[in-house]
$ cat target-v2.pdb   # PDB, C-alpha atoms
ATOM      1  CA  MET A  20      -3.716  13.899 -23.403  1.00  0.00           C
ATOM      2  CA  ASP A  21      -6.035  16.945 -23.418  1.00  0.00           C
ATOM      3  CA  ILE A  22      -8.657  14.975 -25.376  1.00  0.00           C
ATOM      4  CA  ILE A  23      -8.381  12.098 -22.899  1.00  0.00           C
ATOM      5  CA  ILE A  24      -8.808  14.435 -19.939  1.00  0.00           C
ATOM      6  CA  ALA A  25     -11.799  16.182 -21.518  1.00  0.00           C
ATOM      7  CA  ARG A  26     -13.461  12.832 -22.216  1.00  0.00           C
ATOM      8  CA  PHE A  27     -12.868  11.586 -18.678  1.00  0.00           C
ATOM      9  CA  GLU A  28     -13.962  14.862 -17.116  1.00  0.00           C
ATOM     10  CA  SER A  29     -17.248  14.680 -18.985  1.00  0.00           C
ATOM     11  CA  LEU A  30     -18.182  12.024 -16.416  1.00  0.00           C
ATOM     12  CA  GLU A  31     -20.081  13.131 -13.333  1.00  0.00           C
ATOM     13  CA  GLU A  32     -17.654  14.274 -10.636  1.00  0.00           C
ATOM     14  CA  SER A  33     -18.444  11.484  -8.178  1.00  0.00           C
ATOM     15  CA  LYS A  34     -17.661   8.816 -10.783  1.00  0.00           C
ATOM     16  CA  GLN A  35     -14.433  10.585 -11.763  1.00  0.00           C
ATOM     17  CA  HIS A  36     -13.407  10.712  -8.111  1.00  0.00           C
ATOM     18  CA  THR A  37     -14.106   7.014  -7.535  1.00  0.00           C
ATOM     19  CA  ILE A  38     -12.096   5.893 -10.568  1.00  0.00           C
ATOM     20  CA  ARG A  39      -9.271   8.333  -9.900  1.00  0.00           C
ATOM     21  CA  GLN A  40      -8.898   7.392  -6.239  1.00  0.00           C
ATOM     22  CA  ALA A  41      -8.913   3.665  -7.041  1.00  0.00           C
ATOM     23  CA  ALA A  42      -6.194   4.196  -9.654  1.00  0.00           C
ATOM     24  CA  LEU A  43      -4.098   6.479  -7.432  1.00  0.00           C
ATOM     25  CA  GLU A  44      -4.149   3.926  -4.634  1.00  0.00           C
ATOM     26  CA  GLU A  45      -3.250   1.027  -6.934  1.00  0.00           C
ATOM     27  CA  PHE A  46      -0.254   2.810  -8.468  1.00  0.00           C
ATOM     28  CA  ALA A  47       0.846   4.167  -5.086  1.00  0.00           C
ATOM     29  CA  VAL A  48       0.915   0.696  -3.552  1.00  0.00           C
ATOM     30  CA  GLN A  49       2.074  -1.378  -6.515  1.00  0.00           C
ATOM     31  CA  GLY A  50       4.123   1.021  -8.633  1.00  0.00           C
ATOM     32  CA  TYR A  51       3.663   1.222 -12.382  1.00  0.00           C
ATOM     33  CA  LYS A  52       4.953  -2.209 -13.356  1.00  0.00           C
ATOM     34  CA  LYS A  53       2.907  -4.253 -10.863  1.00  0.00           C
ATOM     35  CA  ALA A  54      -0.254  -2.124 -10.943  1.00  0.00           C
ATOM     36  CA  SER A  55      -3.305  -4.010 -12.197  1.00  0.00           C
ATOM     37  CA  THR A  56      -6.183  -2.463 -14.115  1.00  0.00           C
ATOM     38  CA  ASN A  57      -8.258  -5.458 -12.954  1.00  0.00           C
ATOM     39  CA  ARG A  58      -7.812  -4.369  -9.342  1.00  0.00           C
ATOM     40  CA  ILE A  59      -8.544  -0.747 -10.274  1.00  0.00           C
ATOM     41  CA  VAL A  60     -11.889  -1.515 -11.922  1.00  0.00           C
ATOM     42  CA  LYS A  61     -12.825  -3.840  -9.057  1.00  0.00           C
ATOM     43  CA  ALA A  62     -12.070  -1.157  -6.459  1.00  0.00           C
ATOM     44  CA  ALA A  63     -13.938   1.451  -8.521  1.00  0.00           C
ATOM     45  CA  GLY A  64     -16.920  -0.835  -9.099  1.00  0.00           C
ATOM     46  CA  ILE A  65     -16.877  -0.405 -12.871  1.00  0.00           C
ATOM     47  CA  GLY A  66     -16.359  -2.656 -15.887  1.00  0.00           C
ATOM     48  CA  LYS A  67     -12.976  -2.839 -17.571  1.00  0.00           C
ATOM     49  CA  GLY A  68     -14.538  -1.664 -20.820  1.00  0.00           C
ATOM     50  CA  MET A  69     -15.550   1.586 -19.159  1.00  0.00           C
ATOM     51  CA  LEU A  70     -12.011   2.251 -17.911  1.00  0.00           C
ATOM     52  CA  PHE A  71     -10.526   1.630 -21.332  1.00  0.00           C
ATOM     53  CA  TYR A  72     -13.125   3.808 -23.000  1.00  0.00           C
ATOM     54  CA  TYR A  73     -11.580   6.756 -21.181  1.00  0.00           C
ATOM     55  CA  PHE A  74      -7.974   5.520 -21.062  1.00  0.00           C
ATOM     56  CA  THR A  75      -6.771   3.255 -23.863  1.00  0.00           C
ATOM     57  CA  SER A  76      -3.866   1.828 -21.841  1.00  0.00           C
ATOM     58  CA  LYS A  77      -2.388   1.608 -18.348  1.00  0.00           C
ATOM     59  CA  GLN A  78       0.304   4.041 -19.490  1.00  0.00           C
ATOM     60  CA  GLU A  79      -2.302   6.596 -20.546  1.00  0.00           C
ATOM     61  CA  LEU A  80      -4.070   6.302 -17.184  1.00  0.00           C
ATOM     62  CA  TYR A  81      -0.770   6.684 -15.350  1.00  0.00           C
ATOM     63  CA  GLU A  82       0.120   9.815 -17.313  1.00  0.00           C
ATOM     64  CA  TYR A  83      -3.279  11.325 -16.556  1.00  0.00           C
ATOM     65  CA  LEU A  84      -2.778  10.669 -12.831  1.00  0.00           C
ATOM     66  CA  VAL A  85       0.679  12.249 -12.896  1.00  0.00           C
ATOM     67  CA  LYS A  86      -0.734  15.381 -14.566  1.00  0.00           C
ATOM     68  CA  TYR A  87      -3.646  15.520 -12.117  1.00  0.00           C
ATOM     69  CA  SER A  88      -1.340  15.072  -9.117  1.00  0.00           C
ATOM     70  CA  LEU A  89       1.101  17.749 -10.274  1.00  0.00           C
ATOM     71  CA  GLU A  90      -1.741  20.246 -10.657  1.00  0.00           C
ATOM     72  CA  PHE A  91      -3.203  19.274  -7.277  1.00  0.00           C
ATOM     73  CA  ILE A  92       0.118  19.660  -5.442  1.00  0.00           C
ATOM     74  CA  GLU A  93       0.824  22.988  -7.116  1.00  0.00           C
ATOM     75  CA  SER A  94      -2.599  24.553  -6.527  1.00  0.00           C
ATOM     76  CA  ARG A  95      -3.439  23.092  -3.099  1.00  0.00           C
ATOM     77  CA  TYR A  96       0.045  23.250  -1.605  1.00  0.00           C
ATOM     78  CA  LEU A  97       2.999  25.010  -3.232  1.00  0.00           C
ATOM     79  CA  ASP A  98       1.131  28.021  -4.642  1.00  0.00           C
ATOM     80  CA  LYS A  99      -0.162  28.858  -1.147  1.00  0.00           C
ATOM     81  CA  VAL A 100       3.278  29.180   0.471  1.00  0.00           C
ATOM     82  CA  ASP A 101       4.472  32.682   1.332  1.00  0.00           C
ATOM     83  CA  ALA A 102       7.927  32.568  -0.254  1.00  0.00           C
ATOM     84  CA  GLY A 103       8.695  35.995   1.196  1.00  0.00           C
ATOM     85  CA  GLU A 104       8.827  34.703   4.772  1.00  0.00           C
ATOM     86  CA  PRO A 105      12.541  34.936   5.771  1.00  0.00           C
ATOM     87  CA  ASP A 106      12.310  33.047   9.072  1.00  0.00           C
ATOM     88  CA  LEU A 107      13.246  29.393   8.543  1.00  0.00           C
ATOM     89  CA  ILE A 108      10.998  27.954  11.236  1.00  0.00           C
ATOM     90  CA  GLU A 109       8.039  30.054  10.098  1.00  0.00           C
ATOM     91  CA  ARG A 110       8.630  29.040   6.458  1.00  0.00           C
ATOM     92  CA  LEU A 111       8.916  25.341   7.285  1.00  0.00           C
ATOM     93  CA  THR A 112       5.885  25.550   9.561  1.00  0.00           C
ATOM     94  CA  GLN A 113       3.909  26.985   6.636  1.00  0.00           C
ATOM     95  CA  LEU A 114       5.081  24.167   4.393  1.00  0.00           C
ATOM     96  CA  ALA A 115       4.203  21.530   6.984  1.00  0.00           C
ATOM     97  CA  ARG A 116       0.744  22.934   7.693  1.00  0.00           C
ATOM     98  CA  LEU A 117      -0.180  23.470   4.036  1.00  0.00           C
ATOM     99  CA  LYS A 118       1.073  20.017   3.079  1.00  0.00           C
ATOM    100  CA  MET A 119      -0.943  18.437   5.882  1.00  0.00           C
ATOM    101  CA  GLU A 120      -4.070  20.320   4.797  1.00  0.00           C
ATOM    102  CA  ALA A 121      -3.575  19.187   1.196  1.00  0.00           C
ATOM    103  CA  GLN A 122      -2.961  15.611   2.334  1.00  0.00           C
ATOM    104  CA  ALA A 123      -6.170  15.722   4.349  1.00  0.00           C
ATOM    105  CA  GLU A 124      -7.985  16.703   1.167  1.00  0.00           C
ATOM    106  CA  ASN A 125      -6.462  13.880  -0.888  1.00  0.00           C
ATOM    107  CA  GLU A 126      -3.732  11.805   0.738  1.00  0.00           C
ATOM    108  CA  GLU A 127      -3.651   9.325  -2.167  1.00  0.00           C
ATOM    109  CA  VAL A 128      -2.183  12.043  -4.400  1.00  0.00           C
ATOM    110  CA  PHE A 129       0.790  12.406  -2.080  1.00  0.00           C
ATOM    111  CA  LYS A 130       1.289   8.657  -1.757  1.00  0.00           C
ATOM    112  CA  PHE A 131       1.239   8.390  -5.542  1.00  0.00           C
ATOM    113  CA  SER A 132       3.580  11.360  -5.937  1.00  0.00           C
ATOM    114  CA  ALA A 133       6.191   9.531  -3.867  1.00  0.00           C
ATOM    115  CA  VAL A 134       6.081   6.841  -6.573  1.00  0.00           C
ATOM    116  CA  PHE A 135       6.211   8.915  -9.747  1.00  0.00           C
ATOM    117  CA  LEU A 136       8.842  11.274  -8.339  1.00  0.00           C
ATOM    118  CA  GLN A 137      11.202   8.330  -7.930  1.00  0.00           C
ATOM    119  CA  GLU A 138      10.377   5.410 -10.192  1.00  0.00           C
ATOM    120  CA  GLY A 139      11.399   5.214 -13.828  1.00  0.00           C
ATOM    121  CA  GLU A 140       9.338   2.211 -14.899  1.00  0.00           C
ATOM    122  CA  ALA A 141       6.801   4.360 -16.736  1.00  0.00           C
ATOM    123  CA  HIS A 142       8.486   6.280 -19.505  1.00  0.00           C
ATOM    124  CA  LEU A 143       6.764   9.628 -19.310  1.00  0.00           C
ATOM    125  CA  PRO A 144       6.546  12.068 -22.218  1.00  0.00           C
ATOM    126  CA  GLU A 145       9.012  14.936 -22.119  1.00  0.00           C
ATOM    127  CA  GLU A 146       6.306  17.439 -21.158  1.00  0.00           C
ATOM    128  CA  LEU A 147       5.457  15.556 -17.954  1.00  0.00           C
ATOM    129  CA  ALA A 148       9.094  14.787 -17.136  1.00  0.00           C
ATOM    130  CA  THR A 149       9.819  18.522 -17.416  1.00  0.00           C
ATOM    131  CA  ARG A 150       6.870  19.408 -15.173  1.00  0.00           C
ATOM    132  CA  ILE A 151       8.035  16.919 -12.546  1.00  0.00           C
ATOM    133  CA  GLU A 152      11.489  18.500 -12.544  1.00  0.00           C
ATOM    134  CA  GLU A 153       9.914  21.959 -12.281  1.00  0.00           C
ATOM    135  CA  LEU A 154       7.865  20.802  -9.286  1.00  0.00           C
ATOM    136  CA  LYS A 155      10.999  19.515  -7.559  1.00  0.00           C
ATOM    137  CA  GLN A 156      12.794  22.801  -8.216  1.00  0.00           C
ATOM    138  CA  ALA A 157       9.814  24.825  -6.948  1.00  0.00           C
ATOM    139  CA  GLY A 158       9.788  22.817  -3.728  1.00  0.00           C
ATOM    140  CA  TYR A 159      13.544  23.305  -3.359  1.00  0.00           C
ATOM    141  CA  ARG A 160      13.240  27.077  -3.824  1.00  0.00           C
ATOM    142  CA  LEU A 161      10.404  27.352  -1.312  1.00  0.00           C
ATOM    143  CA  MET A 162      12.492  25.524   1.242  1.00  0.00           C
ATOM    144  CA  TYR A 163      15.876  27.169   0.711  1.00  0.00           C
ATOM    145  CA  GLU A 164      15.637  30.549  -1.009  1.00  0.00           C
ATOM    146  CA  GLY A 165      15.354  33.831   0.897  1.00  0.00           C
ATOM    147  CA  ILE A 166      16.002  32.367   4.358  1.00  0.00           C
ATOM    148  CA  ASP A 167      17.643  34.808   6.780  1.00  0.00           C
ATOM    149  CA  LYS A 168      20.355  32.729   8.445  1.00  0.00           C
ATOM    150  CA  SER A 169      21.566  35.738  10.450  1.00  0.00           C
ATOM    151  CA  ARG A 170      18.811  34.893  12.943  1.00  0.00           C
ATOM    152  CA  PHE A 171      20.677  31.741  13.958  1.00  0.00           C
ATOM    153  CA  ARG A 172      23.123  31.654  16.863  1.00  0.00           C
ATOM    154  CA  LYS A 173      26.543  33.001  15.924  1.00  0.00           C
ATOM    155  CA  ASP A 174      28.393  30.148  17.658  1.00  0.00           C
ATOM    156  CA  ALA A 175      26.888  27.501  15.346  1.00  0.00           C
ATOM    157  CA  ASP A 176      27.393  26.688  11.666  1.00  0.00           C
ATOM    158  CA  PRO A 177      24.304  28.238   9.943  1.00  0.00           C
ATOM    159  CA  ASP A 178      24.094  25.477   7.326  1.00  0.00           C
ATOM    160  CA  LYS A 179      24.130  22.784  10.005  1.00  0.00           C
ATOM    161  CA  VAL A 180      21.494  24.678  11.999  1.00  0.00           C
ATOM    162  CA  PHE A 181      19.371  24.933   8.855  1.00  0.00           C
ATOM    163  CA  HIS A 182      19.500  21.176   8.260  1.00  0.00           C
ATOM    164  CA  LEU A 183      18.942  20.267  11.928  1.00  0.00           C
ATOM    165  CA  ILE A 184      15.793  22.388  12.043  1.00  0.00           C
ATOM    166  CA  ARG A 185      14.537  21.015   8.712  1.00  0.00           C
ATOM    167  CA  TRP A 186      15.201  17.407   9.763  1.00  0.00           C
ATOM    168  CA  SER A 187      13.409  18.007  13.065  1.00  0.00           C
ATOM    169  CA  ILE A 188      10.276  19.375  11.391  1.00  0.00           C
ATOM    170  CA  ASP A 189      10.306  16.714   8.654  1.00  0.00           C
ATOM    171  CA  GLY A 190      10.811  14.027  11.279  1.00  0.00           C
ATOM    172  CA  TYR A 191       7.886  15.219  13.370  1.00  0.00           C
ATOM    173  CA  GLN A 192       5.631  15.291  10.317  1.00  0.00           C
ATOM    174  CA  GLN A 193       6.620  11.749   9.309  1.00  0.00           C
ATOM    175  CA  GLU A 194       6.148  10.466  12.852  1.00  0.00           C
ATOM    176  CA  LEU A 195       2.725  12.117  13.043  1.00  0.00           C
ATOM    177  CA  LEU A 196       1.618  10.541   9.778  1.00  0.00           C
ATOM    178  CA  ALA A 197       2.830   7.156  11.054  1.00  0.00           C
ATOM    179  CA  ARG A 198       0.808   7.634  14.254  1.00  0.00           C
ATOM    180  CA  LEU A 199      -2.280   8.450  12.189  1.00  0.00           C
ATOM    181  CA  THR A 200      -1.927   5.530   9.775  1.00  0.00           C
ATOM    182  CA  GLY A 201      -5.281   3.933   9.049  1.00  0.00           C
ATOM    183  CA  GLN A 202      -7.271   7.045   9.954  1.00  0.00           C
ATOM    184  CA  LYS A 203      -8.860   9.411   7.457  1.00  0.00           C
ATOM    185  CA  LEU A 204      -6.912  12.650   7.704  1.00  0.00           C
ATOM    186  CA  ALA A 205      -9.965  14.705   6.717  1.00  0.00           C
ATOM    187  CA  GLU A 206     -11.795  13.475   9.839  1.00  0.00           C
ATOM    188  CA  ILE A 207      -9.026  14.223  12.367  1.00  0.00           C
ATOM    189  CA  ASP A 208      -8.996  17.205  14.711  1.00  0.00           C
ATOM    190  CA  PHE A 209      -5.421  18.412  14.277  1.00  0.00           C
ATOM    191  CA  ALA A 210      -5.605  21.135  16.962  1.00  0.00           C
ATOM    192  CA  PRO A 211      -3.865  19.095  19.697  1.00  0.00           C
ATOM    193  CA  TYR A 212      -1.198  17.925  17.246  1.00  0.00           C
ATOM    194  CA  TRP A 213      -0.447  21.482  16.165  1.00  0.00           C
ATOM    195  CA  GLU A 214      -0.239  22.528  19.823  1.00  0.00           C
ATOM    196  CA  GLU A 215       2.332  19.776  20.356  1.00  0.00           C
ATOM    197  CA  PHE A 216       4.154  20.820  17.185  1.00  0.00           C
ATOM    198  CA  TYR A 217       4.402  24.473  18.251  1.00  0.00           C
ATOM    199  CA  ALA A 218       5.855  23.404  21.602  1.00  0.00           C
ATOM    200  CA  TYR A 219       8.650  21.633  19.725  1.00  0.00           C
ATOM    201  CA  LEU A 220       9.180  24.708  17.548  1.00  0.00           C
ATOM    202  CA  ALA A 221       9.637  26.853  20.651  1.00  0.00           C
ATOM    203  CA  ILE A 222      12.412  24.499  21.788  1.00  0.00           C
ATOM    204  CA  LEU A 223      14.068  24.706  18.360  1.00  0.00           C
ATOM    205  CA  LYS A 224      14.009  28.506  18.455  1.00  0.00           C
ATOM    206  CA  LYS A 225      15.411  28.576  21.983  1.00  0.00           C
ATOM    207  CA  SER A 226      18.171  26.159  20.966  1.00  0.00           C
ATOM    208  CA  PHE A 227      19.243  27.615  17.622  1.00  0.00           C
ATOM    209  CA  TYR A 228      18.118  31.251  17.391  1.00  0.00           C
ATOM    210  CA  GLU A 229      19.731  34.285  18.953  1.00  0.00           C
ATOM    211  CA  THR A 230      17.739  35.997  21.681  1.00  0.00           C
ATOM    212  CA  GLU A 231      16.656  39.601  21.155  1.00  0.00           C
ATOM    213  CA  GLU A 232      19.417  40.746  23.501  1.00  0.00           C
ATOM    214  CA  GLU A 233      22.092  38.779  21.604  1.00  0.00           C
ATOM    215  CA  SER A 234      20.967  40.120  18.230  1.00  0.00           C
ATOM    216  CA  ARG A 235      21.330  43.759  19.287  1.00  0.00           C
TER     217      ARG A 235
END
$ encode --input "target-v2.pdb" --output "structure tokens"
Amino acid sequence: MDIIIARFESLEESKQHTIRQAALEEFAVQGYKKASTNRIVKAAGIGKGMLFYYFTSKQELYEYLVKYSLEFIESRYLDKVDAGEPDLIERLTQLARLKMEAQAENEEVFKFSAVFLQEGEAHLPEELATRIEELKQAGYRLMYEGIDKSRFRKDADPDKVFHLIRWSIDGYQQELLARLTGQKLAEIDFAPYWEEFYAYLAILKKSFYETEEESR
């Protein structure tokens, strides 16, 4: 795989980007089994011989994209999260904002990740399967570990409060992405959306957190 990556990355960056984005989109939409290298080369504006010079099979291309996507998600998203933040809403807000920023940089990576994190049609080598599991575990830890549930209201089940807040934030993010479907995230001014988002967060805090007086 390292030789394949080195060979592909010897291409000029713009050509790499064009081929990679075309392939990410094809696999994201079609999944591994139905993905077509014919459609990929057509979308990328290259000959099929050129694609197979760099990747000898659809499987090899898929594995490269998985590796690229894992590294992108780790470096542009997960590695930037402050795991020491104990406040649930602040932690989840960080996750939401950083994910949105990473999606704006390359939303096709995240669409593709939804495929390879779930489908089993492409039999990945053990190294990549292990890295995928490690990514899932890292995301789980960033969401759940070190959260101070003592900040929640004492008259509510803290685990239920945790999930209600998480579902609310996840739901808003999914609804926002649905509203922005068809638009290029990199070209959107998110300021008004974040203002709306923070207004919802204030309601969540008022509903589920103790006031300063109650916590004394």
$ resolve_selection --input "target-v2.pdb" --expression "the PyMOL selection byres ((chain A and resi 148-160) around 9)" --output "list in words"
Val85, Lys86, Leu89, Ile92, Glu93, Leu97, Ala102, Phe135, Leu136, His142, Leu143, Pro144, Glu145, Glu146, Leu147, Leu161, Met162, Tyr163, Glu164 and Gly165 of chain A
$ write_last_selection --input "target-v2.pdb" --atoms "C-alpha atoms" --output "compact mmCIF listing (two decimals), in the frame of the given file"
# COMPACT_ATOMS: atom_id res chain seq x y z
CA VAL A 85 0.68 12.25 -12.90
CA LYS A 86 -0.73 15.38 -14.57
CA LEU A 89 1.10 17.75 -10.27
CA ILE A 92 0.12 19.66 -5.44
CA GLU A 93 0.82 22.99 -7.12
CA LEU A 97 3.00 25.01 -3.23
CA ALA A 102 7.93 32.57 -0.25
CA PHE A 135 6.21 8.91 -9.75
CA LEU A 136 8.84 11.27 -8.34
CA HIS A 142 8.49 6.28 -19.50
CA LEU A 143 6.76 9.63 -19.31
CA PRO A 144 6.55 12.07 -22.22
CA GLU A 145 9.01 14.94 -22.12
CA GLU A 146 6.31 17.44 -21.16
CA LEU A 147 5.46 15.56 -17.95
CA LEU A 161 10.40 27.35 -1.31
CA MET A 162 12.49 25.52 1.24
CA TYR A 163 15.88 27.17 0.71
CA GLU A 164 15.64 30.55 -1.01
CA GLY A 165 15.35 33.83 0.90
$ atom_distance --input "target-v2.pdb" --atom1 "CA of Leu43 in chain A" --atom2 "CA of Asp189 in chain A"
23.9 Å
$ closest_residue --input "target-v2.pdb" --among "A:Leu223, A:Ile24, A:Ile38, A:Leu84" --to "Phe129 in chain A" --atoms "all atoms listed in the file"
A:Leu84
$ residues_near_point --input "target-v2.pdb" --point "(11.8, 28.2, 5.8)" --cutoff "9 Å" --atoms "all atoms listed in the file" --output "ChimeraX atom specification"
/A:102,104-114,161-167,181,185
$ resolve_selection --input "target-v2.pdb" --expression "the PyMOL selection byres ((chain A and resi 228) around 6)" --output "PDB file with C-alpha atoms, in the frame of the given file"
ATOM      1  CA  ARG A 170      18.811  34.893  12.943  1.00  0.00           C
ATOM      2  CA  PHE A 171      20.677  31.741  13.958  1.00  0.00           C
ATOM      3  CA  ARG A 172      23.123  31.654  16.863  1.00  0.00           C
ATOM      4  CA  LYS A 224      14.009  28.506  18.455  1.00  0.00           C
ATOM      5  CA  LYS A 225      15.411  28.576  21.983  1.00  0.00           C
ATOM      6  CA  PHE A 227      19.243  27.615  17.622  1.00  0.00           C
ATOM      7  CA  GLU A 229      19.731  34.285  18.953  1.00  0.00           C
TER       8      GLU A 229
END
$ closest_residue --input "target-v2.pdb" --among "A:Glu31, A:Glu206, A:Glu120, A:Glu127" --to "Tyr87 in chain A" --atoms "all atoms listed in the file"
A:Glu127
$ residues_around --input "target-v2.pdb" --residues "Ala205 in chain A" --least-positions-apart "4" --cutoff "9 Å" --atoms "all atoms listed in the file" --output "list in words"
Glu120, Gln122, Ala123, Glu124 and Asn125 of chain A
$ residues_around --input "target-v2.pdb" --residues "Glu45 in chain A" --least-positions-apart "5" --cutoff "10 Å" --atoms "all atoms listed in the file" --output "ChimeraX atom specification"
/A:39-40,50-51,53-56,58-59,62,127,131
$ atom_distance --input "target-v2.pdb" --atom1 "CA of Pro211 in chain A" --atom2 "CA of Val100 in chain A"
22.9 Å
$ closest_residue --input "target-v2.pdb" --among "A:Lys168, A:Arg198, A:Lys130, A:Lys179" --to "Ser88 in chain A" --atoms "all atoms listed in the file"
A:Lys130
$ atom_distance --input "target-v2.pdb" --atom1 "CA of Gln78 in chain A" --atom2 "CA of Val128 in chain A"
17.3 Å
$ closest_residue --input "target-v2.pdb" --among "A:Ser94, A:Phe27, A:Asp101, A:Glu44" --to "Met69 in chain A" --atoms "only C-alpha atoms"
A:Phe27
$ closest_residue --input "target-v2.pdb" --among "A:Val134, A:Ala221, A:Val180, A:Ala63" --to "His36 in chain A" --atoms "all atoms listed in the file"
A:Ala63
$ closest_residue --input "target-v2.pdb" --among "A:Ala115, A:Leu183, A:Gln137, A:Gln193" --to "Tyr217 in chain A" --atoms "only C-alpha atoms"
A:Ala115
$ resolve_selection --input "target-v2.pdb" --expression "the PyMOL selection byres ((chain A and resi 195) around 12)" --output "VMD selection string"
chain A and resid 115 119 188 to 194 196 to 200 202 204 207 209 211 to 213 215 to 216
$ write_last_selection --input "target-v2.pdb" --atoms "C-alpha atoms" --output "mmCIF file, keeping the file's coordinate frame"
data_model
loop_
_atom_site.group_PDB
_atom_site.id
_atom_site.type_symbol
_atom_site.label_atom_id
_atom_site.label_comp_id
_atom_site.auth_asym_id
_atom_site.auth_seq_id
_atom_site.Cartn_x
_atom_site.Cartn_y
_atom_site.Cartn_z
ATOM 1 C CA ALA A 115 4.203 21.530 6.984
ATOM 2 C CA MET A 119 -0.943 18.437 5.882
ATOM 3 C CA ILE A 188 10.276 19.375 11.391
ATOM 4 C CA ASP A 189 10.306 16.714 8.654
ATOM 5 C CA GLY A 190 10.811 14.027 11.279
ATOM 6 C CA TYR A 191 7.886 15.219 13.370
ATOM 7 C CA GLN A 192 5.631 15.291 10.317
ATOM 8 C CA GLN A 193 6.620 11.749 9.309
ATOM 9 C CA GLU A 194 6.148 10.466 12.852
ATOM 10 C CA LEU A 196 1.618 10.541 9.778
ATOM 11 C CA ALA A 197 2.830 7.156 11.054
ATOM 12 C CA ARG A 198 0.808 7.634 14.254
ATOM 13 C CA LEU A 199 -2.280 8.450 12.189
ATOM 14 C CA THR A 200 -1.927 5.530 9.775
ATOM 15 C CA GLN A 202 -7.271 7.045 9.954
ATOM 16 C CA LEU A 204 -6.912 12.650 7.704
ATOM 17 C CA ILE A 207 -9.026 14.223 12.367
ATOM 18 C CA PHE A 209 -5.421 18.412 14.277
ATOM 19 C CA PRO A 211 -3.865 19.095 19.697
ATOM 20 C CA TYR A 212 -1.198 17.925 17.246
ATOM 21 C CA TRP A 213 -0.447 21.482 16.165
ATOM 22 C CA GLU A 215 2.332 19.776 20.356
ATOM 23 C CA PHE A 216 4.154 20.820 17.185
#
